[in-house]
Each structure stands twice: as C-alpha cells, then as structure tokens.
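For reference, protein.pdb (PDB, C-alpha atoms, pLDDT in the B column):
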ATOM      1  CA  MET V   1     -13.194  -4.010  74.706  1.00 72.00           C
ATOM      2  CA  GLN V   2     -16.358  -2.344  73.377  1.00 76.00           C
ATOM      3  CA  MET V   3     -19.838  -2.846  74.784  1.00 78.00           C
ATOM      4  CA  LYS V   4     -22.047  -5.350  72.936  1.00 90.00           C
ATOM      5  CA  TYR V   5     -25.758  -5.576  73.687  1.00 94.00           C
ATOM      6  CA  LYS V   6     -26.211  -9.152  72.454  1.00 95.00           C
ATOM      7  CA  GLU V   7     -23.421 -10.371  74.700  1.00 95.00           C
ATOM      8  CA  ILE V   8     -25.007  -8.716  77.741  1.00 96.00           C
ATOM      9  CA  LYS V   9     -28.488  -9.973  76.855  1.00 96.00           C
ATOM     10  CA  ASP V  10     -27.180 -13.541  76.545  1.00 96.00           C
ATOM     11  CA  ASN V  11     -25.163 -13.327  79.770  1.00 96.00           C
ATOM     12  CA  GLU V  12     -26.265 -15.992  82.254  1.00 97.00           C
ATOM     13  CA  GLU V  13     -25.631 -13.821  85.314  1.00 97.00           C
ATOM     14  CA  VAL V  14     -27.612 -10.882  83.910  1.00 98.00           C
ATOM     15  CA  GLN V  15     -30.509 -13.195  83.060  1.00 98.00           C
ATOM     16  CA  ALA V  16     -30.439 -14.677  86.561  1.00 98.00           C
ATOM     17  CA  LEU V  17     -30.420 -11.240  88.209  1.00 98.00           C
ATOM     18  CA  ILE V  18     -33.394 -10.070  86.139  1.00 98.00           C
ATOM     19  CA  ALA V  19     -35.310 -13.273  86.907  1.00 98.00           C
ATOM     20  CA  LYS V  20     -34.608 -13.079  90.649  1.00 98.00           C
ATOM     21  CA  GLY V  21     -35.513  -9.402  90.769  1.00 98.00           C
ATOM     22  CA  ASN V  22     -38.788 -10.071  88.982  1.00 98.00           C
ATOM     23  CA  GLU V  23     -39.519 -12.970  91.334  1.00 98.00           C
ATOM     24  CA  ASN V  24     -38.896 -10.754  94.377  1.00 98.00           C
ATOM     25  CA  LEU V  25     -41.160  -8.017  93.041  1.00 97.00           C
ATOM     26  CA  GLY V  26     -43.895 -10.511  92.260  1.00 96.00           C
ATOM     27  CA  VAL V  27     -43.990 -11.594  95.901  1.00 96.00           C
ATOM     28  CA  LEU V  28     -44.064  -7.940  96.985  1.00 95.00           C
ATOM     29  CA  GLY V  29     -46.972  -7.180  94.655  1.00 92.00           C
ATOM     30  CA  PHE V  30     -45.217  -5.179  91.934  1.00 95.00           C
ATOM     31  CA  THR V  31     -45.987  -5.381  88.221  1.00 95.00           C
ATOM     32  CA  ASP V  32     -43.857  -7.303  85.714  1.00 96.00           C
ATOM     33  CA  HIS V  33     -40.139  -6.499  85.677  1.00 98.00           C
ATOM     34  CA  SER V  34     -39.088  -9.548  83.684  1.00 98.00           C
ATOM     35  CA  GLU V  35     -36.905  -9.996  80.619  1.00 98.00           C
ATOM     36  CA  MET V  36     -39.858  -8.741  78.582  1.00 98.00           C
ATOM     37  CA  HIS V  37     -39.713  -5.365  80.336  1.00 98.00           C
ATOM     38  CA  ALA V  38     -35.912  -5.234  80.067  1.00 98.00           C
ATOM     39  CA  SER V  39     -35.974  -5.997  76.346  1.00 98.00           C
ATOM     40  CA  LEU V  40     -38.787  -3.567  75.605  1.00 98.00           C
ATOM     41  CA  VAL V  41     -37.013  -0.753  77.442  1.00 98.00           C
ATOM     42  CA  ALA V  42     -33.740  -1.537  75.643  1.00 98.00           C
ATOM     43  CA  GLU V  43     -35.349  -1.474  72.204  1.00 98.00           C
ATOM     44  CA  ARG V  44     -37.385   1.648  72.962  1.00 98.00           C
ATOM     45  CA  ALA V  45     -34.374   3.521  74.332  1.00 98.00           C
ATOM     46  CA  ALA V  46     -32.416   2.588  71.205  1.00 98.00           C
ATOM     47  CA  GLU V  47     -35.301   3.762  69.006  1.00 98.00           C
ATOM     48  CA  ILE V  48     -35.308   7.136  70.760  1.00 98.00           C
ATOM     49  CA  LEU V  49     -31.611   7.784  70.153  1.00 98.00           C
ATOM     50  CA  GLU V  50     -31.642   6.352  66.637  1.00 98.00           C
ATOM     51  CA  SER V  51     -34.664   8.474  65.668  1.00 98.00           C
ATOM     52  CA  LEU V  52     -32.937  11.587  66.996  1.00 98.00           C
ATOM     53  CA  GLY V  53     -29.780  10.894  65.008  1.00 97.00           C
ATOM     54  CA  TYR V  54     -27.368   9.707  67.686  1.00 97.00           C
ATOM     55  CA  LYS V  55     -24.345   7.531  66.886  1.00 97.00           C
ATOM     56  CA  LYS V  56     -24.341   3.721  66.805  1.00 96.00           C
ATOM     57  CA  LYS V  57     -22.000   3.597  69.800  1.00 95.00           C
ATOM     58  CA  GLN V  58     -24.471   5.581  71.930  1.00 97.00           C
ATOM     59  CA  ILE V  59     -27.334   3.386  70.754  1.00 97.00           C
ATOM     60  CA  GLU V  60     -25.419   0.260  71.771  1.00 96.00           C
ATOM     61  CA  LEU V  61     -24.615   1.758  75.187  1.00 97.00           C
ATOM     62  CA  VAL V  62     -28.212   2.685  75.914  1.00 98.00           C
ATOM     63  CA  LYS V  63     -29.407  -0.813  75.004  1.00 98.00           C
ATOM     64  CA  VAL V  64     -26.927  -2.324  77.450  1.00 98.00           C
ATOM     65  CA  ALA V  65     -27.863   0.102  80.238  1.00 98.00           C
ATOM     66  CA  ALA V  66     -31.576  -0.312  79.593  1.00 98.00           C
ATOM     67  CA  TYR V  67     -31.461  -4.094  79.579  1.00 98.00           C
ATOM     68  CA  MET V  68     -29.659  -4.166  82.936  1.00 98.00           C
ATOM     69  CA  HIS V  69     -31.440  -1.212  84.558  1.00 98.00           C
ATOM     70  CA  ASP V  70     -33.508  -3.294  87.009  1.00 98.00           C
ATOM     71  CA  ILE V  71     -30.995  -5.966  88.049  1.00 98.00           C
ATOM     72  CA  GLY V  72     -30.715  -4.308  91.471  1.00 98.00           C
ATOM     73  CA  ASN V  73     -34.176  -5.662  92.317  1.00 98.00           C
ATOM     74  CA  ALA V  74     -32.435  -8.989  92.926  1.00 98.00           C
ATOM     75  CA  ILE V  75     -31.020  -7.364  96.088  1.00 98.00           C
ATOM     76  CA  ASN V  76     -33.840  -5.057  97.189  1.00 98.00           C
ATOM     77  CA  ARG V  77     -36.484  -2.825  95.630  1.00 97.00           C
ATOM     78  CA  SER V  78     -35.395   0.060  97.835  1.00 96.00           C
ATOM     79  CA  ARG V  79     -32.351   1.711  96.206  1.00 97.00           C
ATOM     80  CA  HIS V  80     -32.542  -0.839  93.391  1.00 98.00           C
ATOM     81  CA  ALA V  81     -31.048   1.660  90.929  1.00 98.00           C
ATOM     82  CA  GLU V  82     -27.923   2.075  93.030  1.00 98.00           C
ATOM     83  CA  TYR V  83     -27.633  -1.651  93.730  1.00 98.00           C
ATOM     84  CA  GLY V  84     -28.055  -2.324  90.038  1.00 98.00           C
ATOM     85  CA  ALA V  85     -25.288   0.124  89.155  1.00 98.00           C
ATOM     86  CA  ILE V  86     -22.870  -1.617  91.535  1.00 98.00           C
ATOM     87  CA  LEU V  87     -23.749  -5.045  90.144  1.00 98.00           C
ATOM     88  CA  ALA V  88     -23.381  -3.799  86.563  1.00 98.00           C
ATOM     89  CA  ASN V  89     -20.040  -2.190  87.338  1.00 97.00           C
ATOM     90  CA  ASP V  90     -18.637  -5.446  88.722  1.00 96.00           C
ATOM     91  CA  LEU V  91     -19.965  -7.471  85.815  1.00 95.00           C
ATOM     92  CA  LEU V  92     -18.656  -5.116  83.132  1.00 95.00           C
ATOM     93  CA  LYS V  93     -15.293  -4.765  84.882  1.00 93.00           C
ATOM     94  CA  GLN V  94     -14.854  -8.534  84.627  1.00 91.00           C
ATOM     95  CA  LYS V  95     -15.360  -8.254  80.873  1.00 88.00           C
ATOM     96  CA  ASN V  96     -12.679  -5.545  80.538  1.00 85.00           C
ATOM     97  CA  ILE V  97     -15.176  -3.110  79.038  1.00 87.00           C
ATOM     98  CA  ASP V  98     -13.733   0.328  78.227  1.00 92.00           C
ATOM     99  CA  ILE V  99     -13.834   2.330  81.460  1.00 95.00           C
ATOM    100  CA  GLN V 100     -15.680   5.335  80.009  1.00 95.00           C
ATOM    101  CA  GLU V 101     -18.323   3.120  78.427  1.00 95.00           C
ATOM    102  CA  ARG V 102     -18.659   1.194  81.675  1.00 96.00           C
ATOM    103  CA  LEU V 103     -19.129   4.336  83.744  1.00 97.00           C
ATOM    104  CA  THR V 104     -21.670   5.716  81.276  1.00 98.00           C
ATOM    105  CA  VAL V 105     -23.777   2.567  81.622  1.00 98.00           C
ATOM    106  CA  VAL V 106     -23.348   2.403  85.403  1.00 98.00           C
ATOM    107  CA  SER V 107     -24.339   6.053  85.837  1.00 98.00           C
ATOM    108  CA  ALA V 108     -27.436   5.656  83.649  1.00 98.00           C
ATOM    109  CA  ILE V 109     -28.610   2.668  85.707  1.00 98.00           C
ATOM    110  CA  ALA V 110     -27.965   4.525  88.969  1.00 98.00           C
ATOM    111  CA  HIS V 111     -30.027   7.537  87.877  1.00 98.00           C
ATOM    112  CA  HIS V 112     -33.117   5.885  86.370  1.00 98.00           C
ATOM    113  CA  ASP V 113     -35.321   5.787  89.477  1.00 96.00           C
ATOM    114  CA  GLU V 114     -37.584   8.801  90.007  1.00 93.00           C
ATOM    115  CA  SER V 115     -37.122   8.830  93.784  1.00 92.00           C
ATOM    116  CA  THR V 116     -33.375   9.471  93.670  1.00 92.00           C
ATOM    117  CA  GLY V 117     -32.317  10.045  90.066  1.00 95.00           C
ATOM    118  CA  GLY V 118     -32.702  12.058  86.914  1.00 97.00           C
ATOM    119  CA  ALA V 119     -31.191  12.374  83.459  1.00 98.00           C
ATOM    120  CA  THR V 120     -27.519  13.377  83.427  1.00 98.00           C
ATOM    121  CA  ASP V 121     -26.600  12.558  79.808  1.00 98.00           C
ATOM    122  CA  VAL V 122     -28.237  11.262  76.626  1.00 98.00           C
ATOM    123  CA  ILE V 123     -27.900   7.615  77.690  1.00 98.00           C
ATOM    124  CA  SER V 124     -29.675   8.108  81.012  1.00 98.00           C
ATOM    125  CA  ALA V 125     -32.255  10.364  79.364  1.00 98.00           C
ATOM    126  CA  ALA V 126     -33.278   7.780  76.761  1.00 98.00           C
ATOM    127  CA  LEU V 127     -33.301   5.017  79.400  1.00 98.00           C
ATOM    128  CA  ILE V 128     -35.595   7.043  81.671  1.00 98.00           C
ATOM    129  CA  ILE V 129     -38.077   7.835  78.907  1.00 98.00           C
ATOM    130  CA  ALA V 130     -38.154   4.231  77.692  1.00 98.00           C
ATOM    131  CA  ASP V 131     -38.612   2.848  81.204  1.00 98.00           C
ATOM    132  CA  LYS V 132     -41.251   5.272  82.457  1.00 97.00           C
ATOM    133  CA  THR V 133     -43.363   4.955  79.312  1.00 97.00           C
ATOM    134  CA  ASP V 134     -43.660   1.163  79.579  1.00 97.00           C
ATOM    135  CA  VAL V 135     -47.285   1.241  80.688  1.00 95.00           C
ATOM    136  CA  ARG V 136     -49.325  -1.713  79.430  1.00 95.00           C
ATOM    137  CA  ARG V 137     -51.977  -4.205  80.440  1.00 95.00           C
ATOM    138  CA  ASN V 138     -49.735  -7.278  80.294  1.00 94.00           C
ATOM    139  CA  ARG V 139     -47.416  -5.853  82.952  1.00 96.00           C
ATOM    140  CA  VAL V 140     -50.094  -6.847  85.474  1.00 96.00           C
ATOM    141  CA  ARG V 141     -49.409 -10.291  86.909  1.00 95.00           C
ATOM    142  CA  GLN V 142     -51.952 -13.110  86.750  1.00 89.00           C
ATOM    143  CA  LYS V 143     -54.227 -12.759  89.779  1.00 88.00           C
ATOM    144  CA  PRO V 144     -57.909 -12.118  90.577  1.00 88.00           C
ATOM    145  CA  LYS V 145     -59.010  -8.625  89.529  1.00 87.00           C
ATOM    146  CA  ALA V 146     -60.533  -8.170  92.972  1.00 86.00           C
ATOM    147  CA  SER V 147     -57.009  -8.173  94.392  1.00 89.00           C
ATOM    148  CA  PHE V 148     -55.669  -5.461  92.048  1.00 92.00           C
ATOM    149  CA  ASP V 149     -54.082  -2.485  93.778  1.00 90.00           C
ATOM    150  CA  VAL V 150     -53.981   0.971  92.196  1.00 89.00           C
ATOM    151  CA  HIS V 151     -50.771   0.183  90.256  1.00 90.00           C
ATOM    152  CA  ASP V 152     -52.415  -2.914  88.785  1.00 93.00           C
ATOM    153  CA  ARG V 153     -55.562  -1.010  87.843  1.00 93.00           C
ATOM    154  CA  VAL V 154     -53.617   1.805  86.196  1.00 93.00           C
ATOM    155  CA  ASN V 155     -51.603  -0.587  84.027  1.00 94.00           C
ATOM    156  CA  TYR V 156     -54.548  -2.880  83.306  1.00 96.00           C
ATOM    157  CA  ALA V 157     -56.658   0.087  82.215  1.00 96.00           C
ATOM    158  CA  VAL V 158     -54.205   0.913  79.410  1.00 95.00           C
ATOM    159  CA  THR V 159     -55.503  -0.732  76.253  1.00 95.00           C
ATOM    160  CA  ARG V 160     -53.000   0.848  73.879  1.00 96.00           C
ATOM    161  CA  THR V 161     -49.572   2.480  74.175  1.00 96.00           C
ATOM    162  CA  ASP V 162     -47.697   4.271  71.411  1.00 96.00           C
ATOM    163  CA  LEU V 163     -44.501   6.296  71.784  1.00 97.00           C
ATOM    164  CA  VAL V 164     -43.958   8.675  68.867  1.00 98.00           C
ATOM    165  CA  ILE V 165     -40.541  10.262  68.293  1.00 98.00           C
ATOM    166  CA  ASP V 166     -40.648  13.162  65.846  1.00 97.00           C
ATOM    167  CA  LYS V 167     -37.183  14.472  65.009  1.00 95.00           C
ATOM    168  CA  GLU V 168     -38.483  17.264  62.754  1.00 96.00           C
ATOM    169  CA  LYS V 169     -40.879  18.650  65.366  1.00 96.00           C
ATOM    170  CA  LYS V 170     -38.376  17.878  68.128  1.00 97.00           C
ATOM    171  CA  GLN V 171     -40.897  16.131  70.308  1.00 98.00           C
ATOM    172  CA  ILE V 172     -41.614  12.788  71.943  1.00 98.00           C
ATOM    173  CA  THR V 173     -45.241  11.942  72.617  1.00 98.00           C
ATOM    174  CA  LEU V 174     -46.700   9.104  74.649  1.00 97.00           C
ATOM    175  CA  ASN V 175     -50.163   8.224  73.344  1.00 97.00           C
ATOM    176  CA  LEU V 176     -52.318   6.170  75.681  1.00 96.00           C
ATOM    177  CA  GLU V 177     -55.794   4.765  75.461  1.00 96.00           C
ATOM    178  CA  ILE V 178     -57.242   4.182  78.920  1.00 95.00           C
ATOM    179  CA  ASP V 179     -60.439   2.442  79.967  1.00 95.00           C
ATOM    180  CA  GLU V 180     -61.714   4.929  82.541  1.00 92.00           C
ATOM    181  CA  LYS V 181     -64.150   2.336  83.883  1.00 93.00           C
ATOM    182  CA  ILE V 182     -61.117   0.524  85.284  1.00 94.00           C
ATOM    183  CA  CYS V 183     -58.959   3.474  86.308  1.00 90.00           C
ATOM    184  CA  THR V 184     -59.845   7.130  86.725  1.00 87.00           C
ATOM    185  CA  MET V 185     -57.644   9.881  85.325  1.00 87.00           C
ATOM    186  CA  TYR V 186     -57.014  11.007  88.894  1.00 87.00           C
ATOM    187  CA  GLU V 187     -55.614   7.584  89.773  1.00 89.00           C
ATOM    188  CA  TYR V 188     -53.432   7.575  86.661  1.00 89.00           C
ATOM    189  CA  PHE V 189     -51.867  10.934  87.441  1.00 89.00           C
ATOM    190  CA  ASP V 190     -51.519  10.117  91.117  1.00 90.00           C
ATOM    191  CA  ILE V 191     -49.263   7.216  90.145  1.00 88.00           C
ATOM    192  CA  PHE V 192     -47.575   8.489  87.001  1.00 91.00           C
ATOM    193  CA  LEU V 193     -47.286  12.287  87.179  1.00 92.00           C
ATOM    194  CA  GLY V 194     -43.842  12.137  88.797  1.00 93.00           C
ATOM    195  CA  ARG V 195     -42.632   9.720  86.134  1.00 95.00           C
ATOM    196  CA  MET V 196     -44.046  11.831  83.316  1.00 95.00           C
ATOM    197  CA  MET V 197     -42.323  14.936  84.707  1.00 95.00           C
ATOM    198  CA  MET V 198     -39.094  12.937  84.837  1.00 97.00           C
ATOM    199  CA  CYS V 199     -39.621  12.108  81.141  1.00 98.00           C
ATOM    200  CA  ARG V 200     -40.133  15.798  80.401  1.00 97.00           C
ATOM    201  CA  LYS V 201     -36.809  16.738  81.990  1.00 98.00           C
ATOM    202  CA  ALA V 202     -35.048  13.855  80.239  1.00 98.00           C
ATOM    203  CA  SER V 203     -36.486  14.979  76.910  1.00 98.00           C
ATOM    204  CA  GLU V 204     -35.212  18.505  77.483  1.00 98.00           C
ATOM    205  CA  LEU V 205     -31.701  17.075  77.840  1.00 98.00           C
ATOM    206  CA  LEU V 206     -32.177  15.436  74.432  1.00 98.00           C
ATOM    207  CA  GLY V 207     -33.263  18.777  72.974  1.00 98.00           C
ATOM    208  CA  VAL V 208     -36.905  17.784  72.475  1.00 98.00           C
ATOM    209  CA  THR V 209     -40.218  18.271  74.276  1.00 98.00           C
ATOM    210  CA  PHE V 210     -42.267  15.537  75.935  1.00 98.00           C
ATOM    211  CA  GLY V 211     -46.031  15.290  75.636  1.00 97.00           C
ATOM    212  CA  LEU V 212     -48.721  12.958  76.921  1.00 96.00           C
ATOM    213  CA  MET V 213     -51.972  12.279  75.064  1.00 95.00           C
ATOM    214  CA  VAL V 214     -54.664  10.266  76.821  1.00 94.00           C
ATOM    215  CA  ASN V 215     -57.726   9.112  74.896  1.00 94.00           C
ATOM    216  CA  GLY V 216     -56.959  11.693  72.235  1.00 93.00           C
ATOM    217  CA  ASN V 217     -56.679  14.600  74.669  1.00 90.00           C
ATOM    218  CA  LYS V 218     -53.514  16.437  75.645  1.00 90.00           C
ATOM    219  CA  ALA V 219     -52.736  15.673  79.280  1.00 88.00           C
ATOM    220  CA  LEU V 220     -49.180  17.044  79.544  1.00 84.00           C
TER     221      LEU V 220
END
Written as structure tokens, that's how I'd like the structure from this file.
Amino acid sequence: MQMKYKEIKDNEEVQALIAKGNENLGVLGFTDHSEMHASLVAERAAEILESLGYKKKQIELVKVAAYMHDIGNAINRSRHAEYGAILANDLLKQKNIDIQERLTVVSAIAHHDESTGGATDVISAALIIADKTDVRRNRVRQKPKASFDVHDRVNYAVTRTDLVIDKEKKQITLNLEIDEKICTMYEYFDIFLGRMMMCRKASELLGVTFGLMVNGNKAL
C-alpha cells in the first residue's frame, strides 16, 4: 500500500497525538505545535521538493513525515523526535504501508530535531528546512506579554516570513522582518542559529545553498 497524505491527515489517532503534544507543550511554556504547525510544515516541505523538481512520490512522503513530525510530544518533549518515529512506525505498520516508504518517513521524523538529528536524505532535508523556518508571530500562545520568555519574544517579533526556493539559482532563502524593539538580533541568533545551520546542511544535501535575510540584510 502506498503512502497517502490525506489519509494520514484525517487519521483520528494522528490528530489526537498532535493535539495532546500541543497541549503538553502549552503547559510547559512552548510555542504552538498544533495542527496548524503540522500542516504548514507539510505544505512547505512539499513546496521545497516540488520546486526543486523531485518526484510526486517523494513529495507525498515528505508531506506525511512533516505532518507527523511532532507526534512524539504526546509522550515527552525530550527525545520527541525518536518517540514520534516509534509511534509513526507502529501506525504505518498497521496500515500495511510499503516498508521502504515507512522507513523513509520514520527516519525523517527521527532526525528532525537539532539536538540529536540532521538530514540523511531528501525527505528529512526538506522536513528540517520546513520545520525550522516556521517562525511567526501567531506561534506565540495567548498570554500577557509581560510573561513572554525569549522564545515568545523572538517569534512575536517576526512580522513577516517568506521562504523563497529558487531552482535556477540553486538556493533557498528565508526572508524575515523583525521588530527589533521586541527582540534584539542577538536574542534571535541565540535561539535560532543552531536551527539555521541545520537548514544550511539540509540544503546542501538537496544541492542548494541556504540563506537568511533579516530586515533586508544578509544574516547568513
């Protein structure tokens, strides 16, 4: 049986895992990891591979992996990538998904976290870039601004995000507009430099370069 994104997105268990993971992270003070984040990452990862000329099968696989990439948060934030891979493997095995497709998705989920992972193939590479570039104001949960931590401030300071994939120039560029009255550039890089470097390595695997523009200036 071949992997189908719509079937995974409509799966009750997957939806429940994403919801529980997002609930857990909300209590712990993390930004939004809801279905909105999962869907955005899935569509962005698909856009990356489609723009670079990859096959429909690979695009479908990356959407599945990207949509499920954070389900491990339902168990624990620590090692959530590995937990998510195990959960995804069990779920996809029940659906009799082709073993190679299943392992590709499972591996991509397991390698998406910057603390333990890294891109190992085109599926994991596109997932990583899509996930780490989801920086936006509405990822900050509803709460008094006085209670914002540095992660909240960094995301809330971003007033515009645009990911540009240029196949001809062989480059992917994340364009951000940041309100520096809310978050300093030092704070941004303190939080996101590791993730941006992970995007750079993932882009290299895809045969392109990765760049970061902040307020019209090249930052990476």
Hey, what's within 7 Å of segment 126-132 of chain V if we count all atoms listed in the file and toss same-chain stuff fewer than 5 positions away? As a ChimeraX atom specification, please?
/V:41,44-45,48-49,62,66,112,195,199,202
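Distances from V:Met3, V:Asn73, V:Tyr186, V:Met213 to Arg160 of chain V were compared using all atoms listed in the file, and the smallest one belongs to V:Met213.
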Which residues fall under the PyMOL selection byres ((chain V and resi 68) around 9) in this file, as a PyMOL selection string?
chain V and resi 8-9+14+17-18+38+42+63-67+69-72+84-85+88+109
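Atom CA of Glu101 of chain V is found 11.8 Å from atom CA of Ile59 of chain V.
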With all atoms listed in the file as the basis for distance, which of V:Val158, V:Met198, V:Cys183, V:Leu163 is at the shortest distance from Leu212 of chain V?
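Of V:Val158, V:Met198, V:Cys183, V:Leu163, the one nearest Leu212 of chain V is V:Leu163, counting all atoms listed in the file.
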Explicit residues for the PyMOL selection byres ((chain V and resi 23) around 12) (as a list of chain:residue names)
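Listing what the PyMOL selection byres ((chain V and resi 23) around 12) selects in the shown file: V:Ala16, V:Leu17, V:Ile18, V:Ala19, V:Lys20, V:Gly21, V:Asn22, V:Asn24, V:Leu25, V:Gly26, V:Val27, V:Leu28, V:Gly29, V:Phe30, V:Thr31, V:Asp32, V:His33, V:Ser34, V:Glu35, V:Ile71, V:Asn73, V:Ala74, V:Ile75, V:Asn76, V:Arg77, V:Arg141.
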Got a sec: who's within 7 Å of Phe210 of chain V, counting all atoms listed in the file, leaving out chain neighbours fewer than 5 positions off, as a PyMOL selection string?
chain V and resi 171-173+199-200+203
Write a file of the selected residues as a CSV table (one decimal), in the frame of the given file, keeping C-alpha atoms.
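Result file is out-v3.csv:
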chain,number,residue,atom,x,y,z
V,171,GLN,CA,-40.9,16.1,70.3
V,172,ILE,CA,-41.6,12.8,71.9
V,173,THR,CA,-45.2,11.9,72.6
V,199,CYS,CA,-39.6,12.1,81.1
V,200,ARG,CA,-40.1,15.8,80.4
V,203,SER,CA,-36.5,15.0,76.9
Take the PyMOL selection byres ((chain V and resi 137) around 7), apply it to the structure above, and return the hits as a list of chain:residue names.
V:Arg136, V:Asn138, V:Arg139, V:Val140, V:Asn155, V:Tyr156, V:Ala157, V:Val158, V:Thr159
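Taking atom CA of Glu50 of chain V and atom CA of Ser124 of chain V as endpoints, the distance between them is 14.6 Å.
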Option closest in space to Val164 of chain V, from V:His37, V:Thr209, V:Lys181, V:Lys6 [counting only C-alpha atoms]
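So, comparing all the options, the nearest one is V:Thr209.
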Contacts of Met1 of chain V at 7 Å (all atoms listed in the file; same-chain gap of 3+ positions) as a list in words:
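In the requested format, the answer is Asn96, Ile97 and Asp98 of chain V.
With atom CA of Arg102 of chain V on one side and atom CA of Ile86 of chain V on the other, the separation reads 11.1 Å.
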Please, what is the axis-aligned box for every listed atom of segment 131-145 of chain V with 4 Å on each side, as centre and edge lengths in Å to one decimal, as JSON?
{"center_x": -48.8, "center_y": -3.9, "center_z": 84.9, "size_x": 28.4, "size_y": 26.4, "size_z": 19.3}
Between V:Ser51, V:Asn89, V:Thr104, V:Gln15, single out the one closest to Asp166 of chain V, counting only C-alpha atoms.
V:Ser51
Give me the residues within 9 Å of Gly216 of chain V as a ChimeraX atom specification, counting only C-alpha atoms and dropping any in the same chain fewer than 3 places off.
/V:175-177,213
Take segment 192-215 of chain V from the block and save it with C-alpha atoms, as a PDB file, in the first residue's frame.
ATOM      1  CA  PHE V 192      17.876  30.192  16.073  1.00  0.00           C
ATOM      2  CA  LEU V 193      21.499  29.986  14.903  1.00  0.00           C
ATOM      3  CA  GLY V 194      21.678  26.231  15.512  1.00  0.00           C
ATOM      4  CA  ARG V 195      18.456  25.705  13.578  1.00  0.00           C
ATOM      5  CA  MET V 196      19.612  27.889  10.699  1.00  0.00           C
ATOM      6  CA  MET V 197      22.892  25.955  10.479  1.00  0.00           C
ATOM      7  CA  MET V 198      20.854  22.748  10.408  1.00  0.00           C
ATOM      8  CA  CYS V 199      18.897  24.222   7.471  1.00  0.00           C
ATOM      9  CA  ARG V 200      22.168  25.029   5.716  1.00  0.00           C
ATOM     10  CA  LYS V 201      23.372  21.432   5.969  1.00  0.00           C
ATOM     11  CA  ALA V 202      19.975  20.116   4.871  1.00  0.00           C
ATOM     12  CA  SER V 203      20.035  22.430   1.862  1.00  0.00           C
ATOM     13  CA  GLU V 204      23.472  21.160   0.880  1.00  0.00           C
ATOM     14  CA  LEU V 205      22.028  17.639   0.750  1.00  0.00           C
ATOM     15  CA  LEU V 206      19.399  18.961  -1.671  1.00  0.00           C
ATOM     16  CA  GLY V 207      22.139  20.502  -3.810  1.00  0.00           C
ATOM     17  CA  VAL V 208      21.259  24.112  -2.975  1.00  0.00           C
ATOM     18  CA  THR V 209      22.506  26.833  -0.630  1.00  0.00           C
ATOM     19  CA  PHE V 210      20.592  28.275   2.317  1.00  0.00           C
ATOM     20  CA  GLY V 211      20.489  31.971   3.119  1.00  0.00           C
ATOM     21  CA  LEU V 212      18.870  34.143   5.763  1.00  0.00           C
ATOM     22  CA  MET V 213      17.819  37.750   5.161  1.00  0.00           C
ATOM     23  CA  VAL V 214      16.656  39.807   8.128  1.00  0.00           C
ATOM     24  CA  ASN V 215      15.124  43.236   7.571  1.00  0.00           C
TER      25      ASN V 215
END
